[in-house]
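Below: upload-v3.txt (compact mmCIF, C-alpha atoms and all ligand atoms)
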# COMPACT_ATOMS: atom_id res chain seq x y z
CA MET A 1 3.07 -1.15 -18.45
CA PHE A 2 2.22 0.91 -15.40
CA VAL A 3 3.09 0.87 -11.75
CA ALA A 4 0.21 -0.17 -9.51
CA HIS A 5 -1.32 2.57 -7.41
CA ASN A 6 0.64 1.87 -4.32
CA ALA A 7 3.71 3.92 -3.49
CA ARG A 8 5.55 0.91 -2.13
CA PHE A 9 4.83 -1.31 -5.10
CA ASP A 10 6.96 0.80 -7.31
CA TRP A 11 9.43 0.47 -10.09
CA ARG A 12 12.25 -0.64 -7.84
CA PHE A 13 10.10 -3.60 -6.82
CA LEU A 14 9.46 -4.42 -10.45
CA GLU A 15 13.16 -4.07 -11.19
CA ALA A 16 14.04 -6.47 -8.36
CA GLU A 17 11.46 -8.96 -9.61
CA CYS A 18 12.89 -8.77 -13.14
CA THR A 19 16.42 -9.27 -11.84
CA ALA A 20 15.30 -12.24 -9.74
CA ALA A 21 13.60 -13.75 -12.80
CA GLY A 22 16.71 -13.21 -14.93
CA VAL A 23 14.87 -10.78 -17.23
CA PRO A 24 16.50 -7.46 -18.12
CA PRO A 25 14.66 -4.72 -16.18
CA LEU A 26 12.30 -2.57 -18.24
CA PRO A 27 13.39 1.01 -18.68
CA PRO A 28 11.12 3.43 -16.81
CA LEU A 29 8.56 5.22 -18.96
CA SER A 30 9.96 8.52 -17.80
CA PRO A 31 13.52 8.53 -19.15
CA GLY A 32 15.99 10.18 -16.83
CA GLY A 33 13.21 10.99 -14.37
CA LYS A 34 11.05 9.02 -12.05
CA PRO A 35 8.94 6.17 -13.38
CA LEU A 36 5.45 7.32 -14.31
CA CYS A 37 3.45 7.04 -11.14
CA THR A 38 -0.29 7.56 -10.72
CA VAL A 39 0.17 8.83 -7.15
CA ARG A 40 2.54 11.49 -8.43
CA LEU A 41 0.26 12.33 -11.35
CA THR A 42 -2.67 12.60 -8.95
CA ARG A 43 -0.69 15.01 -6.78
CA ARG A 44 -0.14 17.26 -9.78
CA LEU A 45 -3.49 16.90 -11.51
CA VAL A 46 -5.88 16.60 -8.54
CA PRO A 47 -4.16 18.73 -5.92
CA GLU A 48 -7.44 19.18 -4.04
CA LEU A 49 -7.50 15.49 -3.18
CA ARG A 50 -6.00 15.10 0.28
CA ARG A 51 -5.55 11.32 0.23
CA ARG A 52 -4.19 9.67 -2.85
CA GLY A 53 -4.58 5.98 -2.13
CA LEU A 54 -6.21 3.85 -4.81
CA ASP A 55 -9.55 3.84 -2.94
CA GLN A 56 -9.71 7.63 -2.70
CA VAL A 57 -8.61 8.33 -6.27
CA ALA A 58 -10.90 5.65 -7.73
CA ALA A 59 -13.82 7.06 -5.70
CA PHE A 60 -12.96 10.56 -6.91
CA PHE A 61 -13.24 9.49 -10.55
CA GLY A 62 -16.24 7.24 -9.90
CA ILE A 63 -14.28 4.09 -10.74
CA GLU A 64 -15.34 0.77 -9.24
CA ASN A 65 -12.73 -1.76 -8.19
CA PRO A 66 -14.06 -5.27 -8.93
CA ALA A 67 -11.62 -6.98 -6.54
CA ARG A 68 -9.90 -4.72 -4.04
CA HIS A 69 -6.54 -5.99 -2.76
CA ARG A 70 -6.43 -8.57 -5.53
CA ALA A 71 -3.80 -7.97 -8.17
CA PHE A 72 -6.34 -8.06 -10.98
CA GLY A 73 -8.87 -5.72 -9.35
CA ASP A 74 -6.26 -3.21 -8.24
CA ALA A 75 -4.49 -3.28 -11.61
CA LEU A 76 -7.75 -2.75 -13.49
CA ALA A 77 -8.82 0.10 -11.21
CA THR A 78 -5.35 1.63 -11.56
CA ALA A 79 -5.59 1.42 -15.34
CA TYR A 80 -8.93 3.28 -15.23
CA VAL A 81 -7.43 5.81 -12.82
CA LEU A 82 -4.53 6.33 -15.23
CA ARG A 83 -7.00 6.84 -18.08
CA ALA A 84 -8.94 9.39 -16.02
CA LEU A 85 -5.70 11.16 -15.11
CA LEU A 86 -4.64 11.25 -18.76
CA GLY A 87 -8.03 12.81 -19.55
CA ARG A 88 -7.35 15.48 -16.95
CA ALA A 89 -3.88 16.04 -18.32
CA CYS A 90 -5.39 16.56 -21.80
CA GLU A 91 -7.80 19.13 -20.35
CA ARG A 92 -4.73 20.95 -19.03
CA GLY A 93 -3.27 21.10 -22.52
CA VAL A 94 -1.00 18.05 -22.37
CA GLU A 95 -0.84 16.59 -25.88
CA THR A 96 2.32 14.49 -26.08
CA LEU A 97 4.05 11.89 -23.95
CA GLU A 98 6.95 14.33 -23.50
CA GLN A 99 4.57 16.93 -22.08
CA LEU A 100 3.08 14.34 -19.76
CA ILE A 101 6.53 13.35 -18.54
CA GLU A 102 7.40 17.01 -18.08
CA LEU A 103 4.29 17.49 -15.93
CA HIS A 104 4.99 14.27 -14.03
CA ASP A 105 8.65 15.09 -13.40
CA ARG A 106 8.18 18.79 -12.74
CA PRO A 107 9.96 19.24 -9.45
CA GLN A 108 7.74 20.04 -6.54
CA HIS A 109 10.75 19.77 -4.30
CA ARG A 110 13.82 21.26 -5.81
CA MET A 111 17.22 21.08 -4.26
CA ARG A 112 19.36 24.14 -4.73
CA ASN A 113 22.72 24.42 -3.05
CA ALA A 114 22.09 23.53 0.53
CA GLU A 115 18.42 24.28 0.58
CA CYS A 116 15.26 22.66 -0.59
CA GLU A 117 12.37 24.51 -2.07
CA VAL A 118 8.92 23.09 -1.77
CA ARG A 119 7.03 24.47 -4.70
CA ASN A 120 3.38 24.00 -5.21
CA ILE A 121 1.39 24.24 -8.39
CA ARG A 122 -0.02 27.69 -7.73
CA GLY A 123 3.11 28.97 -6.06
CA GLU A 124 1.54 31.32 -3.53
CA VAL A 125 3.74 30.09 -0.73
CA GLU A 126 7.18 28.59 -1.05
CA PRO A 127 8.41 27.00 2.12
CA ARG A 128 12.14 26.42 2.19
CA ALA A 129 13.89 24.24 4.65
CA ASN A 130 17.42 25.47 4.90
CA SER A 131 20.07 23.00 5.67
CA HIS A 132 23.18 24.77 6.76
CA VAL A 133 25.23 22.00 8.16
CA ASN A 134 26.91 23.17 11.30
CA SER A 135 29.08 20.76 13.23
CA ALA A 136 27.07 17.60 13.75
CA PHE A 137 23.63 19.13 13.53
CA ARG A 138 21.76 21.60 11.43
CA ILE A 139 20.69 24.93 12.82
CA PRO A 140 16.94 24.95 12.61
CA HIS A 141 15.45 27.81 10.70
CA SER A 142 13.27 27.83 7.61
CA GLU A 143 11.97 30.53 5.34
CA VAL A 144 8.49 30.62 3.89
CA GLU A 145 7.57 33.10 1.18
CA HIS A 146 4.03 34.17 1.95
CA ASP A 147 1.75 36.65 0.21
CA ASP A 148 2.13 38.91 3.26
CA GLY A 149 5.94 38.76 3.17
CA LEU A 150 8.69 36.48 4.33
CA VAL A 151 7.96 34.20 7.28
CA LEU A 152 10.67 32.53 9.35
CA VAL A 153 10.11 29.39 11.35
CA ASP A 154 12.76 29.62 14.09
CA THR A 155 15.82 31.80 13.81
CA GLY A 156 18.69 29.43 14.57
CA LEU A 157 21.52 30.07 17.00
CA GLY A 158 22.17 33.72 16.43
CA ASN A 159 25.65 34.95 17.20
CA LYS A 160 25.53 36.58 20.63
CA GLU A 161 27.32 34.01 22.71
CA ASP A 162 30.96 33.97 23.75
CA ASP A 163 33.79 31.67 22.68
CA LYS A 164 33.34 29.38 25.69
CA PHE A 165 29.70 28.76 24.73
CA LYS A 166 30.64 28.12 21.11
CA ASP A 167 33.32 25.72 22.27
CA ILE A 168 30.98 23.77 24.57
CA TYR A 169 28.32 23.33 21.91
CA GLY A 170 30.73 23.06 18.98
CA VAL A 171 28.95 25.75 17.02
CA ALA A 172 29.90 28.64 14.79
CA ASN A 173 27.30 30.81 13.14
CA GLU A 174 29.13 33.90 11.90
CA GLY A 175 27.92 35.14 8.59
CA LYS A 176 30.19 35.96 5.70
CA GLY A 177 28.22 39.03 4.68
CA GLY A 178 25.50 39.33 7.31
CA ARG A 179 25.62 38.90 11.05
CA THR A 180 24.75 35.21 10.91
CA GLN A 181 24.53 32.36 8.43
CA LEU A 182 20.78 32.85 8.49
CA GLU A 183 21.19 36.41 7.24
CA ASP A 184 23.62 35.17 4.58
CA ALA A 185 20.99 32.66 3.47
CA LEU A 186 18.35 35.40 3.33
CA ALA A 187 20.68 37.59 1.28
CA GLU A 188 21.22 34.72 -1.16
CA LEU A 189 17.46 34.66 -1.65
CA GLY A 190 17.45 38.42 -2.18
CA TYR A 191 16.12 39.42 1.23
CA SER A 192 17.33 41.61 4.04
CA PRO A 193 16.28 41.25 7.71
CA THR A 194 13.76 44.08 7.26
CA ASP A 195 11.89 41.99 4.67
CA VAL A 196 10.87 39.44 7.30
CA ARG A 197 7.22 40.00 8.27
CA CYS A 198 6.70 37.18 10.71
CA VAL A 199 8.90 35.02 12.92
CA ILE A 200 7.37 31.94 14.48
CA ASP A 201 9.34 30.47 17.37
CA THR A 202 8.55 26.78 17.82
CA HIS A 203 10.04 27.18 21.29
CA LEU A 204 12.67 29.40 22.91
CA HIS A 205 15.66 27.08 23.26
CA PHE A 206 18.80 28.96 22.26
CA ASP A 207 19.42 26.88 19.14
CA HIS A 208 15.98 27.80 17.77
CA ALA A 209 15.47 31.34 19.07
CA GLY A 210 19.05 32.65 19.36
CA GLY A 211 18.71 34.50 16.07
CA ASN A 212 15.67 36.46 17.34
CA THR A 213 18.09 39.14 18.55
CA TYR A 214 21.67 40.30 18.10
CA ARG A 215 24.16 42.41 20.03
CA GLU A 216 25.00 45.79 18.67
CA ASP A 217 28.68 45.87 17.64
CA GLY A 218 29.02 42.32 18.84
CA GLU A 219 28.99 43.15 22.57
CA GLY A 220 26.55 46.00 23.20
CA THR A 221 22.80 46.30 23.61
CA VAL A 222 20.56 43.42 22.54
CA ARG A 223 18.46 44.41 19.51
CA ILE A 224 15.70 42.76 17.51
CA THR A 225 17.13 41.08 14.40
CA PHE A 226 13.97 41.44 12.31
CA PRO A 227 12.61 44.86 13.26
CA ARG A 228 9.53 44.75 11.01
CA ALA A 229 8.48 41.22 11.92
CA THR A 230 5.75 40.06 14.26
CA TYR A 231 7.31 37.45 16.52
CA VAL A 232 4.91 34.66 17.45
CA VAL A 233 5.29 32.19 20.32
CA GLN A 234 3.01 30.24 22.64
CA ARG A 235 2.19 32.24 25.77
CA GLY A 236 2.98 29.20 27.92
CA GLU A 237 6.41 28.82 26.34
CA LEU A 238 7.42 32.41 27.18
CA GLU A 239 6.29 31.89 30.78
CA PHE A 240 8.15 28.57 30.90
CA ALA A 241 11.32 30.19 29.55
CA ARG A 242 11.11 32.94 32.18
CA HIS A 243 10.80 30.51 35.10
CA THR A 244 13.63 28.04 34.71
CA ASN A 245 14.98 25.38 37.04
CA GLU A 246 18.28 23.49 37.23
CA ARG A 247 17.31 21.28 34.31
CA THR A 248 15.99 23.94 31.94
CA ALA A 249 18.10 27.04 32.69
CA ALA A 250 20.98 26.27 30.32
CA SER A 251 18.64 26.16 27.31
CA TYR A 252 16.69 29.36 27.95
CA LEU A 253 18.87 32.44 27.63
CA PRO A 254 16.92 35.65 28.40
CA PRO A 255 18.61 37.83 25.72
CA ASN A 256 16.93 35.61 23.13
CA PHE A 257 13.40 36.49 24.25
CA GLU A 258 13.20 39.26 26.88
CA ALA A 259 13.69 42.08 24.39
CA VAL A 260 11.21 40.64 21.90
CA PRO A 261 7.70 42.18 21.68
CA PHE A 262 5.92 38.87 21.10
CA ARG A 263 2.47 38.24 19.80
CA LEU A 264 1.43 35.51 22.24
CA ILE A 265 -0.86 32.71 21.14
CA ASP A 266 -2.68 30.07 23.14
CA GLY A 267 -2.96 26.64 21.59
CA GLU A 268 -3.63 26.05 17.88
CA ALA A 269 -3.57 29.31 15.94
CA GLU A 270 -3.27 30.64 12.39
CA PRO A 271 -1.04 33.72 12.61
CA LEU A 272 -1.22 34.19 8.82
CA PRO A 273 -3.60 32.62 6.31
CA GLY A 274 -2.31 29.13 5.47
CA ILE A 275 0.23 29.09 8.30
CA ARG A 276 -0.90 27.18 11.34
CA CYS A 277 0.79 26.66 14.71
CA LEU A 278 0.11 23.20 16.13
CA PRO A 279 0.89 22.55 19.80
CA THR A 280 3.18 19.49 19.99
CA PRO A 281 4.22 19.34 23.66
CA GLY A 282 6.75 16.98 25.19
CA HIS A 283 10.19 18.31 24.28
CA VAL A 284 9.04 21.29 26.33
CA PRO A 285 5.47 21.75 27.59
CA TYR A 286 4.48 24.43 25.05
CA HIS A 287 6.44 23.33 22.00
CA GLN A 288 4.70 23.93 18.67
CA SER A 289 5.17 22.67 15.12
CA VAL A 290 4.24 24.79 12.09
CA LEU A 291 2.03 23.63 9.25
CA VAL A 292 2.14 25.55 5.96
CA GLU A 293 -0.66 24.96 3.48
CA SER A 294 -0.69 26.15 -0.09
CA GLY A 295 -2.22 24.95 -3.31
CA GLY A 296 -3.18 21.56 -1.92
CA GLU A 297 0.31 20.91 -0.49
CA ARG A 298 0.95 20.77 3.24
CA VAL A 299 4.40 21.12 4.74
CA CYS A 300 5.05 20.67 8.44
CA PHE A 301 8.10 22.02 10.24
CA LEU A 302 8.34 19.57 13.10
CA ALA A 303 11.11 21.32 15.06
CA ASP A 304 12.14 19.33 18.15
CA LEU A 305 9.11 17.04 18.09
CA VAL A 306 11.05 14.93 15.56
CA PRO A 307 14.48 16.59 15.27
CA THR A 308 15.96 14.16 12.73
CA SER A 309 14.62 11.47 10.43
CA ALA A 310 16.15 8.91 12.82
CA HIS A 311 13.58 10.05 15.38
CA LEU A 312 10.66 9.22 13.09
CA PRO A 313 9.67 5.92 14.79
CA LEU A 314 7.24 6.67 17.62
CA PRO A 315 9.44 5.44 20.49
CA TRP A 316 12.61 7.22 19.33
CA ILE A 317 12.54 10.27 21.55
CA MET A 318 15.36 12.63 22.48
CA GLY A 319 16.95 12.39 25.92
CA TYR A 320 16.58 16.18 26.09
CA ASP A 321 12.80 15.95 26.16
CA LEU A 322 11.30 17.01 29.46
CA GLU A 323 8.18 14.85 29.06
CA PRO A 324 9.00 11.94 26.73
CA LEU A 325 5.62 10.24 27.10
CA VAL A 326 3.91 13.48 26.15
CA THR A 327 6.21 13.65 23.08
CA LEU A 328 5.06 10.14 22.20
CA GLU A 329 1.40 11.20 22.22
CA SER A 330 2.16 14.42 20.29
CA LYS A 331 3.89 12.35 17.61
CA ARG A 332 1.04 9.85 17.45
CA ARG A 333 -1.52 12.67 17.06
CA LEU A 334 0.46 14.58 14.45
CA TYR A 335 1.32 11.45 12.42
CA ALA A 336 -2.36 10.55 12.12
CA ARG A 337 -2.98 13.87 10.35
CA ALA A 338 0.29 13.81 8.43
CA GLU A 339 -0.44 10.35 7.04
CA ALA A 340 -4.08 11.05 6.19
CA GLU A 341 -3.26 14.31 4.42
CA GLY A 342 0.13 13.40 2.90
CA TRP A 343 2.14 16.15 4.60
CA LEU A 344 5.74 16.79 3.74
CA LEU A 345 7.62 16.65 7.04
CA CYS A 346 10.69 18.86 7.56
CA PHE A 347 13.42 17.91 10.03
CA GLY A 348 15.18 20.85 11.63
CA HIS A 349 18.26 19.11 13.00
CA ASP A 350 18.99 16.41 10.46
CA PRO A 351 22.36 17.02 8.75
CA ALA A 352 21.45 14.80 5.78
CA VAL A 353 17.68 14.46 5.39
CA VAL A 354 15.81 17.73 4.96
CA ALA A 355 12.30 16.35 4.58
CA GLY A 356 10.13 13.42 3.54
CA ARG A 357 6.65 12.01 3.64
CA LEU A 358 5.27 9.58 6.14
CA GLY A 359 4.92 5.99 4.99
CA ARG A 360 4.79 2.57 6.58
CA ASP A 361 7.31 -0.18 6.87
CA GLY A 362 5.05 -2.96 8.08
CA LYS A 363 3.30 -1.39 11.06
CA ALA A 364 6.09 1.05 11.88
CA PHE A 365 6.31 4.53 10.39
CA ALA A 366 8.97 5.09 7.77
CA LEU A 367 10.09 7.93 5.55
CA VAL A 368 9.05 8.01 1.90
CA ASP A 369 10.71 10.16 -0.81
CA PRO A 370 13.41 11.63 1.47
CA LEU A 371 14.84 14.95 0.34
CA LEU A 372 18.55 15.02 0.99
CA ALA A 373 20.60 18.08 1.86
CA GLY A 374 22.56 19.27 -1.16
ZN ZN A 401 14.77 22.38 21.78
Can you turn what I pasted into structure tokens?
Ligand SMILES: [Zn+2]
Amino acid sequence: MFVAHNARFDWRFLEAECTAAGVPPLPPLSPGGKPLCTVRLTRRLVPELRRRGLDQVAAFFGIENPARHRAFGDALATAYVLRALLGRACERGVETLEQLIELHDRPQHRMRNAECEVRNIRGEVEPRANSHVNSAFRIPHSEVEHDDGLVLVDTGLGNKEDDKFKDIYGVANEGKGGRTQLEDALAELGYSPTDVRCVIDTHLHFDHAGGNTYREDGEGTVRITFPRATYVVQRGELEFARHTNERTAASYLPPNFEAVPFRLIDGEAEPLPGIRCLPTPGHVPYHQSVLVESGGERVCFLADLVPTSAHLPLPWIMGYDLEPLVTLESKRRLYARAEAEGWLLCFGHDPAVVAGRLGRDGKAFALVDPLLAG
């Protein structure tokens, strides 16, 4: 018994059908883990394949589907796909069902404490989406272990502001050991601020860029938090932050960016191999999201393009956004790529859902395989 090659026609569906028919549900083939799934096996065994729908995987293995979109044709093609995948697994040294299940269930996304690690098969880059719950929202910052050193996507709130500010925004970001919770999180991973080689600011709002700098002794001179890092931001965003108006001034606080020796980029750029900045304007005109690619896996830190999983549907756009219709088009453009290439999407502000993949619920976009904050 296998699950047809369609992520939505999965074991839960089969279970519901069994229950409806009054038949005891079949135990999944993978005891204690996820039911054996050809999409999942494909992800592990054919990581170079960007799309893992039945058509793509069948074409990859040279399998013909005698009746596409008919239960018989799809099931037969899936069976051949499974056979081809088992052949590949054997080539990789898999000899027993237990070993196959181990390969199938091997966590690509592992929850540890309050953070999720996105591991890939080769393990050159390990993006982590931290999920330090702070009041009602999460402070957006993520660490990526890159060959060239540690990369941060956004730096969170920092801890420069006074009590009134903290009171207004309901935030607290003091660290237990370090200056901030971000530094505590780095220490937990075995890093100090001097280990950070690159900081990518998605934009310069205080809740994303506040940790770029700190105040000496709490009140003195503003200093760079990560002295050995190259700080990257869109040139337009820095200009925008420097020329505020009544609507934007409260979000752009000069101590977060004026002391920073930025490397300015214009449009799409790849500041480090495998790490790509994608302009996603709308929230602010030069907002960018960050795409990390490694070993066939792609992870996108959406930042304020889609701050929480609740904002996943195209028309759900934050009231904070300066150009909501531009946000709509940025989402549409990014989703087309995310869906085609199976990106893992990370939500910076979601207190519960760290990440997930893009799927469909009818015509609307929906989240598949959500990773929950631990
Ligand atoms: Zn923002």
key: Distance filter 9 Å around ligand ZN 401 (chain A), atoms: all atoms listed in the file, out as number ranges by chain   = A: 202-208, 251, 283-284, 287, 303-305, 307, 320-321
ask   = Hey, what's within 10 Å of Ala77 in chain A if we count only C-alpha atoms and toss same-chain stuff fewer than 5 positions away? As number ranges by chain, please?
value = A: 4-5, 54-55, 57-58, 63-68, 71-72, 82-83
request  = Using all atoms listed in the file, pick whichever of A:Tyr335, A:Trp316, A:Phe257, A:Trp343 has the shortest atom-to-atom distance to Val299 in chain A.
outcome  = A:Trp343
message = Under the rule that only C-alpha atoms are counted, which of A:Leu45, A:Ala366, A:Leu85, A:Met318 is the nearest residue to Gly296 in chain A?
response =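 Of A:Leu45, A:Ala366, A:Leu85, A:Met318, the one nearest Gly296 in chain A, counting only C-alpha atoms, is A:Leu45.
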Point-to-point distance in Å for CA of Glu341 in chain A and CA of Leu325 in chain A = 24.7 Å
task = Can you pull out every residue within 10 Å of Thr230 in chain A, counting only C-alpha atoms, but drop anything in the same chain fewer than 4 positions away, and send it as a ChimeraX atom specification?
result = /A:151,196-200,226,260-263,271
Could you write out as lines of an AutoDock Vina configuration file the box around range 319-337 of chain A (axis-aligned, all atoms listed in the file, 4 Å on each side), with centre and edge lengths in Å to one decimal?
center_x = 7.0
center_y = 13.4
center_z = 19.9
size_x = 27.9
size_y = 15.2
size_z = 27.1
inquiry  = as a list of chain:residue names, please: the residues near Tyr214 in chain A (cut-off 9 Å, all atoms listed in the file, same-chain neighbours under 6 positions excluded).
reply    =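 Everything that qualifies: A:Gly158, A:Asn159, A:Lys160, A:Arg179, A:Thr221, A:Val222, A:Arg223, A:Ile224, A:Thr225, A:Pro255, A:Asn256.
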ask   = Given the choices A:Glu143, A:Glu268, A:Asp201, A:Glu293, which gets closest to Ala185 in chain A if the distance is worked out from all atoms listed in the file?
value = A:Glu143
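Straight-line separation from CA of Glu246 in chain A to CA of Glu329 in chain A: 25.7 Å.
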request  = Would you list the contacts of His243 in chain A as a PyMOL selection string, taking every protein, DNA or RNA residue within 10 Å and counting only C-alpha atoms, but skipping same-chain residues closer than 6 positions in sequence?
outcome  = chain A and resi 237+249+252
inquiry  = As an exercise, work out the distance from CA of Gly220 in chain A to CA of Leu150 in chain A in Å and give it to one decimal place.
reply    =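 Computing it gives 27.7 Å between the two atoms.
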key: Shell around Glu183 in chain A at 10 Å using all atoms listed in the file, local window under 4 positions removed, as a PyMOL selection string   = chain A and resi 155+158+174-179+187-189+191-193+211+225
ask   = Which residue, A:Gly210, A:Ala89, A:Val144, A:Cys346, has the smallest gap to Gly274 in chain A when you use all atoms listed in the file?
value =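 The closest residue to Gly274 in chain A is A:Val144.
Take the candidates A:Arg235, A:Gly62, A:His146, A:Val39 and check each one against Pro273 in chain A using all atoms listed in the file; the shortest distance goes to A:His146.
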